file target-v8.cif (mmCIF, C-alpha atoms)
data_data
loop_
_atom_site.label_atom_id
_atom_site.label_comp_id
_atom_site.auth_asym_id
_atom_site.auth_seq_id
_atom_site.Cartn_x
_atom_site.Cartn_y
_atom_site.Cartn_z
CA MET A 1 -36.04 76.94 -68.16
CA ASN A 2 -38.53 74.74 -69.84
CA THR A 3 -39.96 76.22 -73.06
CA ASN A 4 -41.81 73.14 -74.31
CA ASN A 5 -45.23 74.27 -73.00
CA LYS A 6 -45.35 77.80 -74.46
CA SER A 7 -48.11 76.98 -76.94
CA ASN A 8 -50.29 75.49 -74.17
CA MET A 9 -50.08 78.63 -72.00
CA SER A 10 -51.31 81.28 -74.46
CA GLY A 11 -54.78 81.51 -72.88
CA LEU A 12 -53.60 81.80 -69.27
CA THR A 13 -53.44 84.89 -67.10
CA VAL A 14 -50.05 86.07 -65.85
CA ARG A 15 -50.60 84.37 -62.48
CA GLY A 16 -51.85 81.20 -64.15
CA HIS A 17 -48.77 81.12 -66.35
CA LEU A 18 -46.53 81.70 -63.31
CA ARG A 19 -48.26 78.91 -61.40
CA VAL A 20 -47.72 76.41 -64.22
CA LEU A 21 -44.04 77.36 -64.57
CA LEU A 22 -43.32 77.30 -60.83
CA GLU A 23 -44.94 73.87 -60.45
CA GLN A 24 -42.40 72.49 -62.95
CA ASP A 25 -39.03 73.79 -61.73
CA TRP A 26 -37.05 76.47 -59.88
CA TYR A 27 -36.99 79.91 -61.55
CA THR A 28 -35.26 83.20 -60.82
CA LEU A 29 -37.18 86.45 -61.13
CA ARG A 30 -35.39 87.25 -64.40
CA GLU A 31 -36.22 83.86 -65.92
CA LEU A 32 -39.88 84.25 -64.98
CA SER A 33 -39.91 87.76 -66.42
CA GLN A 34 -38.59 86.48 -69.74
CA GLU A 35 -41.03 83.57 -69.85
CA VAL A 36 -44.14 85.58 -68.96
CA ARG A 37 -43.01 88.81 -70.69
CA VAL A 38 -43.77 91.01 -67.67
CA SER A 39 -41.27 93.31 -65.92
CA GLU A 40 -39.50 91.98 -62.84
CA LYS A 41 -40.98 94.81 -60.79
CA ASP A 42 -44.54 93.83 -61.77
CA LEU A 43 -43.83 90.14 -61.16
CA LEU A 44 -43.07 90.75 -57.48
CA GLY A 45 -46.73 91.57 -56.82
CA HIS A 46 -47.89 88.50 -58.72
CA LEU A 47 -45.44 86.26 -56.84
CA GLU A 48 -46.54 87.69 -53.50
CA HIS A 49 -50.16 86.93 -54.41
CA LEU A 50 -49.20 83.39 -55.48
CA ARG A 51 -47.40 82.89 -52.16
CA ARG A 52 -50.50 83.90 -50.18
CA SER A 53 -52.91 81.88 -52.32
CA ALA A 54 -50.62 78.82 -52.23
CA LYS A 55 -50.57 78.92 -48.45
CA ALA A 56 -54.37 79.18 -48.31
CA GLY A 57 -54.75 76.36 -50.86
CA GLY A 58 -52.43 73.92 -49.12
CA ALA A 59 -49.54 74.28 -51.57
CA VAL A 60 -46.00 75.30 -50.59
CA PHE A 61 -44.28 78.32 -52.15
CA GLU A 62 -40.56 77.67 -51.72
CA VAL A 63 -37.83 80.30 -51.89
CA ASP A 64 -34.19 79.39 -52.41
CA ALA A 65 -32.82 82.38 -50.52
CA PRO A 66 -30.20 84.76 -51.96
CA LEU A 67 -26.64 84.41 -50.76
CA CYS A 68 -23.87 87.02 -50.33
CA LEU A 69 -21.13 86.08 -52.77
CA ALA A 70 -18.48 87.94 -50.73
CA CYS A 71 -18.97 86.52 -47.21
CA GLY A 72 -21.52 83.71 -47.65
CA PHE A 73 -24.32 85.31 -45.59
CA ASN A 74 -27.60 83.49 -46.28
CA PHE A 75 -30.80 85.56 -46.46
CA THR A 76 -33.10 82.73 -45.29
CA ALA A 77 -34.86 84.88 -42.67
CA ARG A 78 -35.85 87.46 -45.30
CA ASN A 79 -39.59 87.61 -46.01
CA ARG A 80 -39.48 89.89 -49.04
CA LEU A 81 -39.18 88.31 -52.47
CA GLN A 82 -37.14 91.14 -53.96
CA ARG A 83 -33.38 90.67 -54.11
CA PRO A 84 -31.61 92.49 -51.24
CA GLY A 85 -29.52 95.55 -52.08
CA ARG A 86 -26.54 94.71 -49.89
CA CYS A 87 -25.37 92.27 -47.27
CA PRO A 88 -26.04 93.30 -43.65
CA LYS A 89 -22.87 91.52 -42.52
CA CYS A 90 -20.18 92.79 -44.93
CA ARG A 91 -22.10 95.47 -46.90
CA SER A 92 -21.19 93.87 -50.24
CA THR A 93 -23.62 94.30 -53.14
CA ARG A 94 -22.59 90.98 -54.72
CA ILE A 95 -25.79 89.05 -53.95
CA SER A 96 -26.95 85.92 -55.77
CA LYS A 97 -30.47 85.79 -57.17
CA GLY A 98 -33.20 83.99 -55.26
CA ARG A 99 -35.12 81.18 -56.91
CA TYR A 100 -38.76 80.22 -56.51
CA ARG A 101 -40.93 77.16 -57.03
CA LEU A 102 -44.38 75.91 -56.09
CA ILE A 103 -45.05 72.46 -54.65
CA VAL A 104 -48.64 71.31 -54.98
#

call {"tool": "encode", "arguments": {"input": "target-v8.cif", "output": "structure tokens"}}
result
Amino acid sequence: MNTNNKSNMSGLTVRGHLRVLLEQDWYTLRELSQEVRVSEKDLLGHLEHLRRSAKAGGAVFEVDAPLCLACGFNFTARNRLQRPGRCPKCRSTRISKGRYRLIV
């Protein structure tokens, strides 16, 4: 997490703040929540909007997909941004967190 630009982002909207952060580095949902001070549940809607607007604007919204820590199943085909509840292969609930970034 990069906290050097906090003073520069005080006038931005939540989505503007998210955009600036995601253009700099990979972030998990929890890290974004702490940076922007918005609940993880509310951030999902903002991230979904950023994904659609990035696609329309020519940017790329990248997702480093979650991974099952028990069997290694990779959730790359998953379209939802929310962390999966359990693995479809082994039914384990030990799932890594996905990470997000924006390439302009």

call {"tool": "resolve_selection", "arguments": {"input": "target-v8.cif", "expression": "the PyMOL selection byres ((chain A and resi 48) around 12)", "output": "PDB file with C-alpha atoms, keeping the file's coordinate frame"}}
result
ATOM      1  CA  ARG A  15     -50.600  84.370 -62.480  1.00  0.00           C
ATOM      2  CA  LEU A  18     -46.530  81.700 -63.310  1.00  0.00           C
ATOM      3  CA  ARG A  19     -48.260  78.910 -61.400  1.00  0.00           C
ATOM      4  CA  LYS A  41     -40.980  94.810 -60.790  1.00  0.00           C
ATOM      5  CA  ASP A  42     -44.540  93.830 -61.770  1.00  0.00           C
ATOM      6  CA  LEU A  43     -43.830  90.140 -61.160  1.00  0.00           C
ATOM      7  CA  LEU A  44     -43.070  90.750 -57.480  1.00  0.00           C
ATOM      8  CA  GLY A  45     -46.730  91.570 -56.820  1.00  0.00           C
ATOM      9  CA  HIS A  46     -47.890  88.500 -58.720  1.00  0.00           C
ATOM     10  CA  LEU A  47     -45.440  86.260 -56.840  1.00  0.00           C
ATOM     11  CA  HIS A  49     -50.160  86.930 -54.410  1.00  0.00           C
ATOM     12  CA  LEU A  50     -49.200  83.390 -55.480  1.00  0.00           C
ATOM     13  CA  ARG A  51     -47.400  82.890 -52.160  1.00  0.00           C
ATOM     14  CA  ARG A  52     -50.500  83.900 -50.180  1.00  0.00           C
ATOM     15  CA  SER A  53     -52.910  81.880 -52.320  1.00  0.00           C
ATOM     16  CA  ALA A  54     -50.620  78.820 -52.230  1.00  0.00           C
ATOM     17  CA  LYS A  55     -50.570  78.920 -48.450  1.00  0.00           C
ATOM     18  CA  PHE A  61     -44.280  78.320 -52.150  1.00  0.00           C
ATOM     19  CA  GLU A  62     -40.560  77.670 -51.720  1.00  0.00           C
ATOM     20  CA  VAL A  63     -37.830  80.300 -51.890  1.00  0.00           C
ATOM     21  CA  ASN A  79     -39.590  87.610 -46.010  1.00  0.00           C
ATOM     22  CA  ARG A  80     -39.480  89.890 -49.040  1.00  0.00           C
ATOM     23  CA  LEU A  81     -39.180  88.310 -52.470  1.00  0.00           C
ATOM     24  CA  GLN A  82     -37.140  91.140 -53.960  1.00  0.00           C
ATOM     25  CA  TYR A 100     -38.760  80.220 -56.510  1.00  0.00           C
TER      26      TYR A 100
END

call {"tool": "atom_distance", "arguments": {"input": "target-v8.cif", "atom1": "atom CA of A:Val38", "atom2": "atom CA of A:Arg94"}}
result
24.8 Å

call {"tool": "closest_residue", "arguments": {"input": "target-v8.cif", "among": "A:Cys68, A:Ser92, A:Glu35, A:Leu102", "to": "A:Leu22", "atoms": "all atoms listed in the file"}}
result
A:Leu102

call {"tool": "closest_residue", "arguments": {"input": "target-v8.cif", "among": "A:Gly98, A:Cys90, A:Val104, A:Ala70", "to": "A:Tyr27", "atoms": "all atoms listed in the file"}}
result
A:Gly98

call {"tool": "atom_distance", "arguments": {"input": "target-v8.cif", "atom1": "atom CA of A:Gln24", "atom2": "atom CA of A:Ile103"}}
result
8.7 Å

call {"tool": "atom_distance", "arguments": {"input": "target-v8.cif", "atom1": "atom CA of A:Ala56", "atom2": "atom CA of A:Ser33"}}
result
24.7 Å

call {"tool": "resolve_selection", "arguments": {"input": "target-v8.cif", "expression": "the PyMOL selection byres ((chain A and resi 69) around 12)", "output": "number ranges by chain"}}
result
A: 66-68, 70-75, 86-87, 89-97

call {"tool": "closest_residue", "arguments": {"input": "target-v8.cif", "among": "A:Ala65, A:Arg83, A:Asp25, A:Gly58", "to": "A:Glu40", "atoms": "all atoms listed in the file"}}
result
A:Arg83

call {"tool": "decode", "arguments": {"input": "target-v8.cif", "residues": "stretch 51-91 of chain A", "atoms": "C-alpha atoms", "output": "PDB file, in the first residue's frame"}}
result
ATOM      1  CA  ARG A  51     -14.497  -1.968 -14.358  1.00  0.00           C
ATOM      2  CA  ARG A  52     -17.291  -0.962 -16.762  1.00  0.00           C
ATOM      3  CA  SER A  53     -16.062   2.622 -17.174  1.00  0.00           C
ATOM      4  CA  ALA A  54     -12.456   1.455 -17.674  1.00  0.00           C
ATOM      5  CA  LYS A  55     -13.551  -0.843 -20.471  1.00  0.00           C
ATOM      6  CA  ALA A  56     -15.510   1.963 -22.148  1.00  0.00           C
ATOM      7  CA  GLY A  57     -12.581   4.379 -21.736  1.00  0.00           C
ATOM      8  CA  GLY A  58      -9.940   2.075 -23.180  1.00  0.00           C
ATOM      9  CA  ALA A  59      -8.282   1.207 -19.861  1.00  0.00           C
ATOM     10  CA  VAL A  60      -7.841  -2.332 -18.539  1.00  0.00           C
ATOM     11  CA  PHE A  61      -9.221  -3.400 -15.156  1.00  0.00           C
ATOM     12  CA  GLU A  62      -7.114  -6.400 -14.125  1.00  0.00           C
ATOM     13  CA  VAL A  63      -8.089  -8.981 -11.531  1.00  0.00           C
ATOM     14  CA  ASP A  64      -5.543 -11.297  -9.942  1.00  0.00           C
ATOM     15  CA  ALA A  65      -7.993 -14.130  -9.338  1.00  0.00           C
ATOM     16  CA  PRO A  66      -8.457 -15.824  -5.952  1.00  0.00           C
ATOM     17  CA  LEU A  67      -6.899 -19.227  -5.432  1.00  0.00           C
ATOM     18  CA  CYS A  68      -7.999 -22.194  -3.288  1.00  0.00           C
ATOM     19  CA  LEU A  69      -5.307 -22.666  -0.656  1.00  0.00           C
ATOM     20  CA  ALA A  70      -6.263 -26.336  -0.141  1.00  0.00           C
ATOM     21  CA  CYS A  71      -6.230 -27.736  -3.698  1.00  0.00           C
ATOM     22  CA  GLY A  72      -4.857 -24.889  -5.840  1.00  0.00           C
ATOM     23  CA  PHE A  73      -8.032 -24.287  -7.885  1.00  0.00           C
ATOM     24  CA  ASN A  74      -7.764 -20.934  -9.698  1.00  0.00           C
ATOM     25  CA  PHE A  75     -10.908 -18.801 -10.002  1.00  0.00           C
ATOM     26  CA  THR A  76      -9.842 -17.094 -13.267  1.00  0.00           C
ATOM     27  CA  ALA A  77     -13.176 -17.756 -15.006  1.00  0.00           C
ATOM     28  CA  ARG A  78     -15.097 -15.987 -12.232  1.00  0.00           C
ATOM     29  CA  ASN A  79     -16.710 -12.694 -13.289  1.00  0.00           C
ATOM     30  CA  ARG A  80     -17.778 -11.479  -9.853  1.00  0.00           C
ATOM     31  CA  LEU A  81     -15.359  -9.340  -7.880  1.00  0.00           C
ATOM     32  CA  GLN A  82     -16.455 -10.649  -4.488  1.00  0.00           C
ATOM     33  CA  ARG A  83     -14.332 -13.379  -2.920  1.00  0.00           C
ATOM     34  CA  PRO A  84     -15.871 -16.844  -3.435  1.00  0.00           C
ATOM     35  CA  GLY A  85     -17.315 -18.633  -0.413  1.00  0.00           C
ATOM     36  CA  ARG A  86     -15.864 -22.056  -1.143  1.00  0.00           C
ATOM     37  CA  CYS A  87     -13.974 -23.991  -3.771  1.00  0.00           C
ATOM     38  CA  PRO A  88     -16.139 -25.843  -6.323  1.00  0.00           C
ATOM     39  CA  LYS A  89     -13.510 -28.578  -6.612  1.00  0.00           C
ATOM     40  CA  CYS A  90     -12.731 -29.512  -2.980  1.00  0.00           C
ATOM     41  CA  ARG A  91     -15.342 -27.441  -1.063  1.00  0.00           C
TER      42      ARG A  91
END
